[in-house]
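Heads up: the structure comes next, in structure tokens.
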Amino acid sequence: MAFSSIWLVSVFVVFSALPSKQLHYLVPMLPAFALVVARVLSRSRPACSVAAESLVPALFALVGIFLLLLPQIPGLAKLQWVQSVRMDWGSCVLAVALGLAVAVWRWRAVPAAALSAAVVAAVFAGFIFFFRYVGLAYDLRPAALQVKSFNEQGVPYVYVGNYQGQLNFLGRLTEPLPVLATAAEAERWALSHPAGYLVSLEKDKPEDVFYMQGHREYWLVFRRADQFGRLKPL
């Protein structure tokens with residue numbers, strides 16, 4: 001118990017001190033958290049009131065309500081994927097909370113099996129709905145296949161901006177993807193390759209382009225070389 005507690009607290013303190021914060025930084029804490037919770041649940045404990053036992057389903061209900069209100073929350077509502085979230089995600093979590101509330105009403109406690117099943121169900125629903133609403137913003141296979149098509153047809157193209165290799169594996173590219181760092185270099189390239197295409201990641205949704213798709217909170221754009229004047233790479 002002491003080892004798991006030290007593990008849990010020390011990792012939390014260390015990652016809290018880092019200047020950048022990401023949700024997945026908490027993953028190293030999950031094993032320690034699971035060991036602590038298992039230890040607590042294995043101990044015999046005095047009977048609690050129904051109100052105290054109702055705290056767990058109440059927490060699940062708050063998460064469900066948060067998901068229902070997600071598209072209206074200031075700061076989050078501006079994200080593209082948040083705008084596409086529907087009521088089904090939050091409704092599923094609320095259904096889990098209702099199931100726990102029924103367990104509390106029937107057994108006057110939250111059984112460990114019911115709590116475990118509720119957590120698994122909520123996480124499973126989270127994976128399904130998260131990737132339903134967010135997955136397309138991270139699926140670069142269509143763009144990678146377009147690049148592969150350029151290679152097979154011998155069409156000249158170039159990526160403009162900070163390229164991080166995100167298309168190579170998905171497109172099964174056998175050669176390095178050509179990259180230019182600035183829009184000025186792209187202009188010179190476009191003038192010498194009038195039949196080519198410029199690929200860039202841009203903040204604003206463009207119009208009249210050869211191909212585009214949402215990527216994270218940006219747009220991955222394929223435009224003809226004669227449109228280099230509209231290029232606005234990040």
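Chain identifiers are assigned as A, B, and so on, following the order in which chains appear in the structure tokens; residues are numbered from 1 within each chain, and ligands are numbered from 1 in order of appearance.
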
Among stretch 118-214 of chain A, which ones does DSSP assign to alpha helix (DSSP H) (computed from the backbone)? Answer as number ranges by chain.
A: 118-138, 141-153, 183-192

Within 7 Å of A:Trp89 using only C-alpha atoms, minus same-chain residues under 4 positions, as a PyMOL selection string
chain A and resi 67+93+129

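As for atom CA of A:Leu94 and atom CA of A:Phe66, they are spaced 10.2 Å apart.
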
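Taking only stretch 75-183 of chain A, the residues that DSSP calls strand (DSSP E or B) from the backbone come to Tyr157, Val158, Tyr159, Val160, Val179 and Leu180 of chain A.
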
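Interatomic distance, atom CA of A:Leu136 against atom CA of A:Val119: 25.7 Å.
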
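Around stretch 189-196 of chain A, within 7 Å and counting only C-alpha atoms, the residues found are Val155, Pro156, Tyr157, Glu185, Ala186, Arg224, Ala225, Asp226 and Phe228 of chain A, once anything fewer than 3 positions away on its own chain is removed.
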
Could you give me, as number ranges by chain, the residues within 10 Å of A:Val134, counting only C-alpha atoms and dropping anything in the same chain fewer than 3 positions from it?
A: 80-82, 84-85, 129-131, 137-139, 215-216

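For the choices A:Ile128, A:Leu201, A:Val14, A:Leu35, the atom-to-atom distance to A:Tyr159 is smallest for A:Leu201 when using only C-alpha atoms.
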